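Trainee: Could you have a look at this structure, given as structure tokens, before my questions?
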Amino acid sequence: MWTEQTMPIPDVLIVCLLGIVVVFLALIVLDLAIIVTSKVIQGIEGKGKAKAETAAPAAYDDEADKELLAVLSSVIAEDLDADPSEFRITSVKEIR
């Protein structure tokens with residue numbers, strides 16, 4: 001089989017199929033590893049969130065809101081090709 005310069009068609013097909021099987025098995029193993037790792041991390045974060053909920057809530061930061069509105073205004077003005085004074089943002093809602 002390996003002594004000839006060319007391989008017969010059945011051998012080529014077998015090598016091809018073995019390569020594809022190896023690749024897909026590796027992908028399945030990686031997928032399972034990602035799933036297990038994410039479950040472990042979610043478990044660890046879940047315990048951390050329970051402890052964080054008992055702590056005092058964070059202080060309200062008005063500067064962050066002003067900065068967010070400035071960024072949103074500039075993006076909207078750029079998209080509309082308008083001056084930021086030509087429109088007014090009445091509410092901002094975070095979408096998760």
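Letters A, B, ... go to the chains of the structure tokens in the order shown; residues in each chain start at 1; ligands are counted from 1 in the same order.
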Show which residues sit within 12 Å of A:Lys93, as a list in words. Count only C-alpha atoms, and ignore same-chain residues fewer than 4 positions away.
Mentor: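 In the requested form, the answer reads Asp65, Leu68, Leu69, Leu72 and Ile89 of chain A.
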Trainee: Please produce a file of those selected residues containing all heavy atoms, as a CSV table (one decimal), in the first residue's frame.
Mentor:
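Full text of result_23.csv as output:
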chain,number,residue,atom,x,y,z
A,65,ASP,N,-23.9,58.0,33.5
A,65,ASP,CA,-25.1,58.2,32.7
A,65,ASP,C,-24.8,59.4,31.7
A,65,ASP,O,-25.3,59.4,30.6
A,65,ASP,CB,-26.3,58.5,33.6
A,65,ASP,CG,-26.8,57.3,34.2
A,65,ASP,OD1,-26.4,56.1,33.8
A,65,ASP,OD2,-27.6,57.4,35.2
A,68,LEU,N,-22.7,58.2,28.9
A,68,LEU,CA,-23.4,57.3,28.0
A,68,LEU,C,-24.3,58.2,27.1
A,68,LEU,O,-24.4,57.9,25.9
A,68,LEU,CB,-24.3,56.3,28.8
A,68,LEU,CG,-25.2,55.4,28.0
A,68,LEU,CD1,-24.4,54.5,27.2
A,68,LEU,CD2,-26.2,54.7,28.9
A,69,LEU,N,-25.0,59.2,27.7
A,69,LEU,CA,-25.8,60.0,26.8
A,69,LEU,C,-25.0,60.8,25.8
A,69,LEU,O,-25.4,61.0,24.7
A,69,LEU,CB,-26.6,61.0,27.7
A,69,LEU,CG,-27.8,60.3,28.5
A,69,LEU,CD1,-28.4,61.3,29.4
A,69,LEU,CD2,-28.8,59.7,27.5
A,72,LEU,N,-24.1,58.3,23.1
A,72,LEU,CA,-25.3,58.0,22.3
A,72,LEU,C,-25.7,59.2,21.4
A,72,LEU,O,-26.0,59.0,20.2
A,72,LEU,CB,-26.5,57.6,23.2
A,72,LEU,CG,-26.4,56.3,23.9
A,72,LEU,CD1,-27.6,56.1,24.8
A,72,LEU,CD2,-26.4,55.2,22.8
A,89,ILE,N,-32.8,63.1,23.4
A,89,ILE,CA,-32.9,61.7,23.9
A,89,ILE,C,-33.8,61.7,25.1
A,89,ILE,O,-33.5,62.4,26.1
A,89,ILE,CB,-31.6,61.0,24.2
A,89,ILE,CG1,-30.7,61.0,22.9
A,89,ILE,CG2,-31.8,59.7,24.8
A,89,ILE,CD1,-29.3,60.5,23.2
Trainee: Pick out each residue of chain A that DSSP on the backbone tags as helix (DSSP H, G or I); I need them as a VMD selection string.
Mentor: chain A and resid 9 to 54 62 to 80 84 to 86
Trainee: Quote the spacing between atom CA of A:Ala64 and atom CA of A:Thr90 in Å to one decimal place.
Mentor: 16.8 Å
Trainee: Taking into account only C-alpha atoms, which residue in the set A:Glu94, A:Glu4, A:Asp11, A:Glu86 is nearest to A:Ser73?
Mentor: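 Of the candidates, the smallest distance to A:Ser73 is held by A:Glu86.
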